[in-house]
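This is work07.txt (compact mmCIF, C-alpha atoms).
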# COMPACT_ATOMS: atom_id res chain seq x y z
CA MET A 1 -103.95 -130.18 -45.56
CA LEU A 2 -103.39 -127.76 -42.70
CA LEU A 3 -104.85 -130.13 -40.10
CA LEU A 4 -102.99 -133.19 -41.40
CA ASP A 5 -99.75 -131.21 -41.47
CA ARG A 6 -100.28 -130.07 -37.86
CA VAL A 7 -101.01 -133.61 -36.64
CA LEU A 8 -97.98 -135.12 -38.38
CA ARG A 9 -95.69 -132.43 -36.99
CA ARG A 10 -96.92 -133.24 -33.51
CA ILE A 11 -96.67 -137.03 -33.65
CA ILE A 12 -93.57 -137.62 -35.81
CA ARG A 13 -90.45 -136.50 -33.98
CA ARG A 14 -87.94 -139.37 -34.18
CA GLY A 15 -87.22 -140.85 -37.59
CA THR A 16 -88.48 -139.16 -40.74
CA LEU A 17 -91.70 -139.25 -42.70
CA THR A 18 -91.76 -137.82 -46.21
CA LEU A 19 -95.27 -136.90 -47.31
CA THR A 20 -95.91 -136.43 -51.03
CA GLU A 21 -99.11 -134.58 -51.79
CA HIS A 22 -101.22 -135.37 -54.84
CA SER A 23 -99.89 -132.19 -56.44
CA GLY A 24 -96.31 -133.42 -56.04
CA LYS A 25 -95.43 -131.09 -53.18
CA VAL A 26 -93.20 -132.78 -50.60
CA ARG A 27 -93.23 -132.23 -46.83
CA THR A 28 -90.86 -133.82 -44.32
CA TYR A 29 -91.54 -134.55 -40.66
CA GLY A 30 -89.28 -135.66 -37.82
CA THR A 31 -85.51 -135.97 -37.57
CA ALA A 32 -83.32 -138.76 -38.90
CA GLU A 33 -81.98 -140.89 -36.07
CA PRO A 34 -80.18 -144.26 -35.89
CA GLY A 35 -82.60 -147.08 -35.16
CA TRP A 36 -85.59 -145.14 -36.46
CA PRO A 37 -87.13 -145.59 -39.92
CA ASP A 38 -87.42 -143.26 -42.88
CA LEU A 39 -90.85 -143.82 -44.39
CA GLY A 40 -92.95 -142.16 -47.06
CA LEU A 41 -96.67 -141.40 -47.21
CA ARG A 42 -98.02 -140.66 -50.68
CA LEU A 43 -101.48 -139.12 -51.13
CA LEU A 44 -102.95 -140.57 -54.31
CA ASP A 45 -105.84 -138.14 -54.66
CA ALA A 46 -106.35 -134.51 -53.72
CA GLY A 47 -109.30 -135.24 -51.44
CA VAL A 48 -107.40 -137.29 -48.85
CA PRO A 49 -106.48 -134.46 -46.43
CA GLY A 50 -110.04 -133.18 -46.39
CA TYR A 51 -111.48 -136.66 -45.85
CA ILE A 52 -109.16 -137.30 -42.92
CA ALA A 53 -110.04 -133.90 -41.44
CA ARG A 54 -113.79 -134.59 -41.72
CA HIS A 55 -113.46 -138.15 -40.39
CA PRO A 56 -110.67 -138.00 -37.78
CA THR A 57 -111.42 -141.42 -36.25
CA LEU A 58 -111.84 -143.31 -39.53
CA GLY A 59 -110.13 -141.20 -42.19
CA LEU A 60 -106.70 -142.80 -42.14
CA ALA A 61 -108.11 -146.33 -42.09
CA GLU A 62 -110.62 -145.76 -44.87
CA THR A 63 -108.25 -143.91 -47.19
CA PHE A 64 -105.78 -146.78 -46.76
CA MET A 65 -108.52 -149.37 -47.35
CA ASP A 66 -109.64 -147.55 -50.51
CA GLY A 67 -106.11 -147.31 -51.90
CA ARG A 68 -106.08 -143.51 -51.66
CA ILE A 69 -102.78 -143.45 -49.77
CA ALA A 70 -99.64 -145.54 -50.16
CA ILE A 71 -96.88 -146.30 -47.67
CA GLU A 72 -93.38 -146.08 -49.14
CA GLY A 73 -90.33 -147.75 -47.66
CA GLY A 74 -92.46 -150.12 -45.61
CA ASP A 75 -96.02 -151.33 -45.11
CA ILE A 76 -98.97 -150.34 -42.95
CA LEU A 77 -97.54 -152.19 -39.93
CA ASP A 78 -94.29 -150.24 -40.29
CA PHE A 79 -96.21 -146.97 -40.54
CA ILE A 80 -98.46 -147.52 -37.52
CA THR A 81 -95.55 -148.88 -35.49
CA PHE A 82 -93.61 -145.71 -36.38
CA ALA A 83 -96.42 -143.44 -35.21
CA ARG A 84 -97.18 -145.35 -32.00
CA ARG A 85 -93.51 -145.76 -31.12
CA ASN A 86 -93.18 -141.99 -31.33
CA ASN A 87 -96.13 -141.67 -28.94
CA PRO A 88 -95.99 -144.56 -26.44
CA TRP A 89 -98.65 -145.00 -23.79
CA GLU A 90 -96.10 -144.43 -21.04
CA ARG A 91 -95.68 -140.85 -22.24
CA SER A 92 -99.45 -140.33 -22.41
CA GLY A 93 -99.32 -139.90 -26.17
CA ASP A 94 -102.75 -139.62 -27.80
CA PHE A 95 -102.23 -141.27 -31.19
CA GLU A 96 -105.71 -140.48 -32.45
CA ALA A 97 -105.46 -136.82 -31.36
CA LYS A 98 -109.05 -136.73 -30.13
CA GLY A 99 -110.18 -133.84 -28.00
CA LEU A 100 -112.13 -134.29 -24.79
CA GLY A 101 -115.42 -133.84 -26.63
CA GLY A 102 -114.49 -136.51 -29.16
CA ARG A 103 -113.61 -138.98 -26.42
CA ILE A 104 -116.88 -138.37 -24.60
CA VAL A 105 -118.98 -138.85 -27.75
CA GLU A 106 -117.04 -141.99 -28.68
CA ARG A 107 -117.59 -143.46 -25.22
CA ILE A 108 -121.34 -142.77 -25.32
CA VAL A 109 -121.70 -144.31 -28.78
CA SER A 110 -119.59 -147.27 -27.74
CA ARG A 111 -121.71 -147.95 -24.65
CA ILE A 112 -124.91 -147.88 -26.70
CA ASP A 113 -123.29 -150.29 -29.15
CA GLN A 114 -122.46 -152.68 -26.29
CA ILE A 115 -126.01 -153.31 -25.10
CA ASN A 116 -125.67 -156.78 -26.65
CA GLN A 117 -129.05 -158.35 -26.17
CA ARG A 118 -129.26 -161.92 -27.45
CA THR A 119 -130.12 -161.12 -31.07
CA ALA A 120 -127.48 -158.41 -31.30
CA SER A 121 -124.86 -160.66 -29.70
CA ARG A 122 -125.43 -163.38 -32.28
CA ARG A 123 -125.29 -160.88 -35.13
CA ASN A 124 -122.12 -159.26 -33.77
CA VAL A 125 -120.35 -162.60 -33.38
CA ALA A 126 -121.29 -163.64 -36.91
CA HIS A 127 -119.87 -160.37 -38.28
CA HIS A 128 -116.35 -161.46 -37.38
CA TYR A 129 -116.20 -165.17 -36.65
CA ASP A 130 -118.34 -166.39 -39.54
CA LEU A 131 -116.07 -164.88 -42.19
CA GLY A 132 -115.20 -168.38 -43.38
CA ASP A 133 -112.82 -171.16 -42.39
CA PRO A 134 -110.42 -170.58 -45.32
CA LEU A 135 -109.47 -167.13 -43.96
CA TYR A 136 -108.59 -168.41 -40.50
CA ASP A 137 -106.75 -171.40 -41.97
CA LEU A 138 -104.35 -168.96 -43.59
CA PHE A 139 -102.99 -167.34 -40.43
CA LEU A 140 -103.96 -169.21 -37.26
CA ASP A 141 -101.98 -172.08 -35.80
CA ALA A 142 -103.29 -175.60 -36.29
CA SER A 143 -105.05 -175.61 -32.91
CA ARG A 144 -107.15 -172.65 -34.13
CA GLN A 145 -106.31 -170.32 -31.24
CA TYR A 146 -107.58 -166.85 -32.13
CA SER A 147 -106.35 -165.27 -28.90
CA CYS A 148 -103.15 -164.19 -27.19
CA ALA A 149 -100.44 -166.85 -27.12
CA TYR A 150 -98.00 -167.35 -24.26
CA TRP A 151 -94.37 -166.74 -25.19
CA ALA A 152 -92.67 -168.58 -22.36
CA ASP A 153 -88.90 -169.03 -22.19
CA GLY A 154 -87.68 -171.18 -25.07
CA VAL A 155 -90.84 -170.70 -27.14
CA THR A 156 -89.99 -169.55 -30.67
CA THR A 157 -92.97 -170.39 -32.90
CA LEU A 158 -96.63 -169.45 -32.90
CA GLU A 159 -97.59 -173.12 -32.65
CA GLN A 160 -95.46 -173.61 -29.54
CA ALA A 161 -96.73 -170.39 -27.99
CA GLN A 162 -100.38 -171.36 -28.40
CA ILE A 163 -99.80 -174.78 -26.85
CA ALA A 164 -97.96 -173.03 -24.00
CA LYS A 165 -100.99 -170.74 -23.55
CA MET A 166 -103.37 -173.70 -23.31
CA ASP A 167 -101.03 -175.48 -20.88
CA HIS A 168 -100.82 -172.32 -18.76
CA ILE A 169 -104.60 -172.09 -18.58
CA ALA A 170 -104.99 -175.79 -17.82
CA ALA A 171 -102.46 -175.47 -14.99
CA LYS A 172 -104.26 -172.51 -13.43
CA LEU A 173 -107.56 -174.41 -13.53
CA ALA A 174 -106.04 -177.18 -11.35
CA LEU A 175 -107.87 -179.84 -13.36
CA LYS A 176 -108.54 -183.40 -12.25
CA PRO A 177 -109.80 -186.30 -14.40
CA GLY A 178 -113.56 -186.51 -14.65
CA MET A 179 -114.25 -182.86 -13.85
CA ARG A 180 -116.93 -181.02 -15.83
CA VAL A 181 -115.59 -177.92 -17.56
CA LEU A 182 -117.57 -175.17 -19.27
CA ASP A 183 -115.78 -173.25 -22.05
CA ILE A 184 -117.62 -169.95 -22.60
CA GLY A 185 -116.81 -168.69 -26.07
CA CYS A 186 -115.16 -171.93 -27.17
CA GLY A 187 -114.16 -170.78 -30.65
CA TRP A 188 -113.33 -173.67 -32.97
CA GLY A 189 -112.87 -176.08 -30.07
CA GLY A 190 -109.08 -176.28 -29.83
CA LEU A 191 -108.85 -175.36 -26.15
CA ALA A 192 -111.68 -177.70 -25.13
CA LEU A 193 -109.99 -180.61 -26.90
CA HIS A 194 -106.64 -179.71 -25.38
CA LEU A 195 -108.05 -179.65 -21.82
CA HIS A 196 -109.61 -183.06 -22.34
CA ARG A 197 -106.39 -184.39 -23.83
CA VAL A 198 -104.04 -183.22 -21.06
CA ALA A 199 -106.32 -183.71 -18.03
CA GLY A 200 -109.05 -186.22 -18.87
CA VAL A 201 -111.85 -183.74 -18.16
CA ASP A 202 -115.26 -183.53 -19.83
CA VAL A 203 -115.74 -180.19 -21.58
CA HIS A 204 -118.83 -178.44 -22.92
CA GLY A 205 -118.13 -175.45 -25.13
CA VAL A 206 -120.60 -172.75 -26.13
CA THR A 207 -120.39 -170.06 -28.80
CA LEU A 208 -122.77 -168.00 -30.94
CA SER A 209 -120.89 -168.69 -34.18
CA ARG A 210 -122.51 -171.31 -36.39
CA GLU A 211 -119.29 -171.91 -38.32
CA GLN A 212 -117.26 -172.40 -35.17
CA ILE A 213 -119.77 -174.90 -33.76
CA ALA A 214 -119.81 -176.93 -36.99
CA TYR A 215 -116.02 -177.00 -37.04
CA ALA A 216 -115.68 -177.91 -33.34
CA LYS A 217 -118.22 -180.73 -33.47
CA ALA A 218 -116.58 -182.25 -36.55
CA TRP A 219 -113.18 -182.01 -34.88
CA ALA A 220 -114.38 -183.82 -31.74
CA GLU A 221 -115.99 -186.52 -33.86
CA ARG A 222 -112.77 -187.13 -35.79
CA GLU A 223 -110.77 -187.39 -32.58
CA GLY A 224 -113.31 -189.88 -31.25
CA VAL A 225 -114.14 -187.80 -28.15
CA ALA A 226 -117.55 -186.38 -29.07
CA ASP A 227 -119.01 -188.01 -25.95
CA LYS A 228 -116.50 -186.20 -23.74
CA VAL A 229 -116.09 -182.87 -25.54
CA THR A 230 -119.40 -181.37 -26.63
CA PHE A 231 -120.42 -178.06 -28.12
CA GLY A 232 -123.58 -175.99 -28.28
CA LEU A 233 -124.79 -172.93 -30.17
CA THR A 234 -125.81 -171.32 -26.90
CA ASP A 235 -125.74 -167.88 -25.31
CA TYR A 236 -123.82 -168.11 -22.02
CA ARG A 237 -126.87 -166.61 -20.30
CA ASP A 238 -128.85 -169.73 -21.23
CA VAL A 239 -126.39 -172.38 -20.00
CA LYS A 240 -127.78 -174.62 -17.26
CA GLY A 241 -126.18 -176.97 -14.75
CA ARG A 242 -123.12 -176.82 -12.49
CA PHE A 243 -119.48 -177.11 -13.51
CA ASP A 244 -116.30 -177.83 -11.60
CA ARG A 245 -114.38 -175.43 -13.80
CA ILE A 246 -115.19 -172.56 -16.15
CA VAL A 247 -112.79 -171.17 -18.73
CA SER A 248 -113.38 -168.22 -21.02
CA VAL A 249 -110.75 -166.99 -23.45
CA GLY A 250 -111.25 -163.99 -25.72
CA MET A 251 -115.01 -163.85 -25.17
CA PHE A 252 -115.35 -161.29 -22.36
CA GLU A 253 -114.51 -158.50 -24.83
CA HIS A 254 -117.90 -159.17 -26.44
CA VAL A 255 -119.99 -159.08 -23.26
CA GLY A 256 -120.32 -155.30 -22.99
CA ALA A 257 -119.72 -153.30 -19.81
CA ALA A 258 -123.43 -153.04 -19.01
CA ASN A 259 -123.58 -156.84 -18.87
CA PHE A 260 -120.51 -157.43 -16.71
CA PRO A 261 -122.49 -157.90 -13.45
CA ALA A 262 -124.88 -160.37 -15.09
CA PHE A 263 -121.94 -162.29 -16.58
CA PHE A 264 -120.28 -162.85 -13.22
CA ARG A 265 -123.55 -163.58 -11.48
CA LYS A 266 -124.18 -166.30 -14.05
CA CYS A 267 -120.65 -167.68 -13.62
CA HIS A 268 -121.17 -167.83 -9.85
CA ASP A 269 -124.36 -169.79 -10.33
CA LEU A 270 -122.73 -172.21 -12.79
CA LEU A 271 -119.70 -172.99 -10.60
CA THR A 272 -119.78 -175.73 -7.99
CA ASP A 273 -119.01 -174.65 -4.43
CA ASP A 274 -115.31 -175.48 -4.86
CA GLY A 275 -115.21 -174.48 -8.51
CA VAL A 276 -112.47 -172.50 -10.27
CA MET A 277 -112.78 -170.11 -13.21
CA LEU A 278 -110.07 -168.75 -15.51
CA LEU A 279 -111.01 -165.61 -17.44
CA HIS A 280 -108.56 -164.55 -20.16
CA THR A 281 -109.37 -161.21 -21.79
CA ILE A 282 -107.80 -158.25 -23.50
CA GLY A 283 -107.67 -155.39 -21.02
CA ARG A 284 -106.91 -151.69 -21.00
CA SER A 285 -104.34 -150.07 -18.73
CA ASP A 286 -106.38 -146.87 -18.78
CA PRO A 287 -109.61 -146.19 -16.88
CA PRO A 288 -112.89 -147.33 -18.48
CA GLY A 289 -113.40 -145.80 -21.91
CA GLY A 290 -114.96 -146.57 -25.27
CA THR A 291 -114.31 -148.62 -28.40
CA ASP A 292 -112.69 -146.82 -31.31
CA ALA A 293 -114.80 -146.13 -34.39
CA PHE A 294 -112.79 -148.38 -36.74
CA THR A 295 -113.19 -151.42 -34.48
CA ARG A 296 -116.91 -150.77 -33.96
CA LYS A 297 -117.61 -150.36 -37.66
CA TYR A 298 -115.37 -152.95 -39.30
CA ILE A 299 -114.09 -155.50 -36.80
CA PHE A 300 -116.03 -156.13 -33.56
CA PRO A 301 -119.41 -154.38 -33.44
CA GLY A 302 -120.61 -154.48 -29.87
CA GLY A 303 -117.10 -155.17 -28.59
CA TYR A 304 -115.49 -153.45 -25.62
CA ILE A 305 -112.09 -153.88 -23.97
CA PRO A 306 -112.50 -153.74 -20.19
CA ALA A 307 -110.44 -151.89 -17.62
CA MET A 308 -109.36 -153.86 -14.58
CA SER A 309 -111.23 -151.49 -12.28
CA GLU A 310 -114.63 -152.11 -13.87
CA THR A 311 -113.98 -155.85 -14.14
CA LEU A 312 -113.16 -156.14 -10.44
CA ALA A 313 -116.16 -153.99 -9.55
CA ALA A 314 -118.39 -156.45 -11.42
CA ILE A 315 -116.81 -159.51 -9.76
CA GLU A 316 -116.95 -158.31 -6.15
CA PRO A 317 -120.74 -158.29 -5.50
CA HIS A 318 -121.21 -161.96 -6.43
CA LYS A 319 -119.29 -163.86 -3.74
CA LEU A 320 -116.44 -164.61 -6.10
CA MET A 321 -112.86 -164.37 -4.83
CA LEU A 322 -109.82 -163.62 -6.94
CA GLY A 323 -107.26 -166.37 -6.56
CA ASP A 324 -104.70 -164.98 -8.97
CA ILE A 325 -104.23 -162.14 -11.47
CA GLU A 326 -101.59 -162.19 -14.19
CA ILE A 327 -100.94 -159.43 -16.70
CA LEU A 328 -99.56 -160.48 -20.08
CA ARG A 329 -98.03 -157.33 -21.53
CA ARG A 330 -96.25 -157.91 -24.84
CA HIS A 331 -97.50 -161.43 -25.51
CA TYR A 332 -100.39 -160.42 -27.78
CA GLY A 333 -98.19 -158.06 -29.80
CA LEU A 334 -95.86 -160.97 -30.57
CA THR A 335 -98.85 -163.16 -31.46
CA ILE A 336 -100.49 -160.68 -33.80
CA ARG A 337 -97.23 -159.97 -35.62
CA GLU A 338 -97.11 -163.66 -36.48
CA TRP A 339 -100.67 -163.48 -37.81
CA TYR A 340 -99.76 -160.38 -39.81
CA LYS A 341 -96.78 -162.15 -41.44
CA ARG A 342 -98.95 -165.09 -42.44
CA CYS A 343 -101.67 -162.85 -43.88
CA ALA A 344 -99.09 -160.87 -45.85
CA ALA A 345 -97.69 -164.12 -47.26
CA ASN A 346 -101.22 -165.13 -48.30
CA ARG A 347 -102.34 -161.82 -49.76
CA ALA A 348 -103.36 -163.27 -53.12
CA ARG A 349 -105.53 -165.93 -51.50
CA ILE A 350 -107.25 -163.45 -49.16
CA GLU A 351 -108.00 -161.10 -52.06
CA GLU A 352 -109.34 -164.09 -54.01
CA LEU A 353 -111.65 -165.01 -51.10
CA TYR A 354 -112.82 -161.43 -50.55
CA ASP A 355 -111.25 -158.47 -52.36
CA GLU A 356 -108.36 -156.02 -52.09
CA ARG A 357 -110.30 -153.62 -49.85
CA PHE A 358 -111.00 -156.43 -47.35
CA TYR A 359 -107.31 -157.37 -47.35
CA ARG A 360 -106.31 -153.78 -46.64
CA MET A 361 -108.92 -153.50 -43.89
CA TRP A 362 -107.73 -156.75 -42.30
CA MET A 363 -104.08 -155.70 -42.35
CA PHE A 364 -104.92 -152.29 -40.88
CA TYR A 365 -106.78 -154.09 -38.08
CA LEU A 366 -103.86 -156.43 -37.34
CA ALA A 367 -101.30 -153.63 -37.52
CA GLY A 368 -103.28 -151.42 -35.17
CA ALA A 369 -103.88 -154.28 -32.75
CA ALA A 370 -100.24 -155.43 -32.62
CA THR A 371 -98.93 -151.93 -31.95
CA ALA A 372 -101.58 -151.24 -29.31
CA PHE A 373 -99.98 -154.00 -27.22
CA GLU A 374 -96.43 -152.93 -28.04
CA TYR A 375 -96.75 -149.17 -27.56
CA GLY A 376 -100.36 -148.48 -26.55
CA GLY A 377 -102.22 -149.25 -23.35
CA LEU A 378 -103.54 -152.73 -24.13
CA VAL A 379 -102.55 -155.87 -22.21
CA ASN A 380 -104.12 -159.24 -21.45
CA PHE A 381 -105.64 -160.06 -18.07
CA GLN A 382 -105.85 -163.58 -16.69
CA PHE A 383 -108.19 -163.67 -13.69
CA GLN A 384 -108.37 -166.86 -11.66
CA ILE A 385 -111.67 -166.75 -9.75
CA VAL A 386 -112.86 -169.11 -7.01
CA ARG A 387 -115.91 -169.55 -4.80
CA ASN A 388 -113.89 -171.24 -2.05
CA ARG A 389 -110.50 -169.80 -1.01
CA ASP A 390 -109.12 -173.33 -0.60
CA ALA A 391 -110.08 -174.47 -4.11
CA VAL A 392 -106.48 -174.11 -5.31
CA PRO A 393 -103.12 -174.67 -3.55
CA LEU A 394 -101.77 -172.05 -1.16
CA THR A 395 -98.89 -170.90 -3.39
CA ARG A 396 -98.50 -170.52 -7.15
CA ASP A 397 -95.85 -173.26 -7.41
CA TYR A 398 -98.41 -175.77 -8.67
CA ILE A 399 -98.84 -173.82 -11.93
CA GLY A 400 -95.26 -174.30 -13.07
CA ARG A 401 -95.23 -177.92 -11.94
CA ALA A 402 -98.37 -178.74 -13.90
CA GLU A 403 -97.02 -177.05 -17.05
CA ALA A 404 -93.79 -179.05 -16.77
CA GLU A 405 -95.74 -182.28 -16.39
CA MET A 406 -97.78 -181.52 -19.52
CA ARG A 407 -94.64 -180.77 -21.53
CA ALA A 408 -93.00 -183.96 -20.31
CA ALA A 409 -96.08 -186.03 -21.15
CA ARG A 410 -96.09 -184.74 -24.72
CA GLY A 411 -92.43 -185.59 -25.07
CA SER A 412 -92.70 -189.12 -23.72
CA THR A 413 -95.99 -190.42 -25.11
CA SER A 414 -97.61 -190.80 -28.48
CA ALA A 415 -100.61 -188.71 -27.42
CA PRO A 416 -101.76 -186.51 -30.31
CA ASP A 417 -100.44 -182.99 -30.21
CA PRO A 418 -102.82 -180.07 -30.93
CA CYS A 419 -100.59 -179.12 -33.86
CA ALA A 420 -101.57 -182.37 -35.56
CA ALA A 421 -104.89 -180.65 -36.14
CA SER A 422 -103.77 -179.41 -39.56
CA ALA A 423 -105.36 -182.53 -40.98
CA LEU A 424 -108.66 -181.61 -39.35
CA HIS A 425 -109.51 -178.53 -41.39
CA LEU A 426 -112.90 -178.79 -42.97
CA PRO A 427 -113.33 -178.46 -46.72
CA GLU A 428 -114.67 -175.16 -48.02
CA SER A 429 -117.98 -176.80 -48.84
CA SER A 430 -118.65 -177.06 -45.11
CA LEU A 431 -119.00 -173.30 -44.71
CA THR A 432 -122.34 -172.15 -43.34
CA SER A 433 -122.02 -168.40 -43.61
CA SER A 434 -125.41 -168.14 -45.30
CA GLU A 435 -126.95 -169.37 -42.04
CA ALA A 436 -125.02 -166.98 -39.80
CA GLY A 437 -126.74 -164.46 -37.61
Whole structure given in structure tokens:
Amino acid sequence: MLLLDRVLRRIIRRGTLTLTEHSGKVRTYGTAEPGWPDLGLRLLDAGVPGYIARHPTLGLAETFMDGRIAIEGGDILDFITFARRNNPWERSGDFEAKGLGGRIVERIVSRIDQINQRTASRRNVAHHYDLGDPLYDLFLDASRQYSCAYWADGVTTLEQAQIAKMDHIAAKLALKPGMRVLDIGCGWGGLALHLHRVAGVDVHGVTLSREQIAYAKAWAEREGVADKVTFGLTDYRDVKGRFDRIVSVGMFEHVGAANFPAFFRKCHDLLTDDGVMLLHTIGRSDPPGGTDAFTRKYIFPGGYIPAMSETLAAIEPHKLMLGDIEILRRHYGLTIREWYKRCAANRARIEELYDERFYRMWMFYLAGAATAFEYGGLVNFQFQIVRNRDAVPLTRDYIGRAEAEMRAARGSTSAPDPCAASALHLPESSLTSSEAG
């Protein structure tokens, strides 16, 4: 209890936290203040403090997942928001309270975990993305965008924000009808279909998830565009041919730092001489580091969030020029909070599909992720990359114009909107999780 008490006294300063030990003893941390919460943390068995002390990087998560602690006066998102808000990145707060030795060990383990040869990559992707369509149906928007949305002015719903994100990407790609586009890490196919719909381009998407490929192919068939929007269960390293445009959203986090140079070398080789690439990825505001133990073990084995410095260092040797860099700061926090609300509203269904421990794990993951963008050092990078400096217009004005044209076209035509995709969800019998990995 001594260590837990010391940590809580250090990180809780504004607002109050009342901790009730298993014995009934009560401890209070912080100072009541307007605008700050008053929460409770109840330890439901006597072994919790010792477990957290022995497992400093996983103890809080696992005791919550196992129902050994309870949050009072709020939920796990409220609790983690409270702690991170007390220790924002701008003040160099270290929420996990790791010493230098702990950070070094974590980074070494993380780098080993990122080696990501082909077999490991497929297994790692299946761990998260082949959990089953019913789960993702419960919290994603109808266009199945499992990545940061774009909360432009006037956008108020998750559905609108995800369409705005796809429009924003399409605009930066400077698409023209008939172009060949490669979507690396295509997910369930929503972005590929959107690009074809708004710009008349041919798109080929690749992923290592069997369930995503089955879903995407069926979606393209139902929309009658399977000859224009195709999908393959293919490692990006094995893609052949040349493409006018390459887009990759939410996939670079699975490449692994050791493979960054090979990734960009491959993208260079796949792009035509006047080709354009848009890379959308979670990024860290800190220098290169490691992946936390909870994420490695439960969420994204083999995953790694890149720093801008190491990403640029991997781009530069391969005759690729940066055309534009945009940093999305709070956008992913807003997105994940919407996912969290939808998962909370569907708790019974998620526990029916999996169990209560999975639900708690999933909510801890979403809570930690949302607050990392709100108070931690995570952001989203959008890198526009070209082989020819004249591949896109001289100023950025064309991006806004193209987005406005896409919005106007949706408002004045009967073209199907991505949000009409709710009727495209596959029945549960289509799941192929037994084939995954």
So which residues touch region 258-272 of chain A within 8 Å, counting only C-alpha atoms, skipping near sequence neighbours fewer than 6 positions away, as a ChimeraX atom specification?
/A:111,114-115,237,240-246,311,314-315,318-320,387
What does the structure give for the distance between CA of Leu208 (chain A) and CA of Ile350 (chain A), in Å to one decimal?
24.4 Å
Identify, on the basis of all atoms listed in the file, every residue whose closest approach to region 280-288 of chain A does not exceed 9 Å; exclude the query and any residue fewer than 6 positions from it along the same chain; express the result as a ChimeraX atom specification.
/A:147-148,169,247-253,305-310,327,332,376-384
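Of note, CA of Trp151 (chain A) and CA of Leu366 (chain A) are spaced 18.5 Å apart.
Closest to Gly50 (chain A) among A:Leu3, A:Val26, A:Leu135, A:Met65 is A:Leu3, based on all atoms listed in the file.
Distance check against Arg180 (chain A) using all atoms listed in the file: of A:His196, A:Arg54, A:Ala391, A:Phe300, the minimum falls on A:His196.
Across the structure, CA of Ala402 (chain A) and CA of Leu175 (chain A) are spaced 9.6 Å apart.
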For Ala404 (chain A), work out the shell of residues within 12 Å, counting all atoms listed in the file and skipping chain neighbours fewer than 6 positions away, then give it as a PyMOL selection string.
chain A and resi 152+164+167-168+170-171+198+397-398+410-411
For Arg337 (chain A), which residue among A:Glu159, A:Asp355, A:Glu374, A:Asp45 is the nearest when counting all atoms listed in the file?
A:Glu374
Name the residues in contact with Ile76 (chain A) at a cut-off of 7 Å, using all atoms listed in the file, excluding same-chain residues fewer than 2 positions from it; report them as a PDB file with C-alpha atoms, keeping the file's coordinate frame.
ATOM      1  CA  ILE A  71     -96.880-146.300 -47.670  1.00  0.00           C
ATOM      2  CA  ASP A  78     -94.290-150.240 -40.290  1.00  0.00           C
ATOM      3  CA  PHE A  79     -96.210-146.970 -40.540  1.00  0.00           C
ATOM      4  CA  ILE A  80     -98.460-147.520 -37.520  1.00  0.00           C
ATOM      5  CA  PHE A 364    -104.920-152.290 -40.880  1.00  0.00           C
ATOM      6  CA  ALA A 367    -101.300-153.630 -37.520  1.00  0.00           C
TER       7      ALA A 367
END
Which polymer residues have any atom within 10 Å of an atom of Val225 (chain A), counting all atoms listed in the file, with same-chain residues fewer than 4 positions away left out, as a PyMOL selection string?
chain A and resi 193+196-197+202+217+219-221+229-230
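Between Glu316 (chain A) and the residues A:Ala372, A:Ala345, A:Val203, A:Val386, the shortest atom-to-atom distance, using all atoms listed in the file, involves A:Val386.
With only C-alpha atoms as the basis for measurement, A:Ile11 is the residue among A:Ile11, A:Leu279, A:Leu44, A:Leu77 that approaches Thr31 (chain A) most closely.
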Judged by all atoms listed in the file, the minimum distance to Asn86 (chain A) among A:Ile12, A:Met363, A:Leu41, A:Val48 is found for A:Ile12
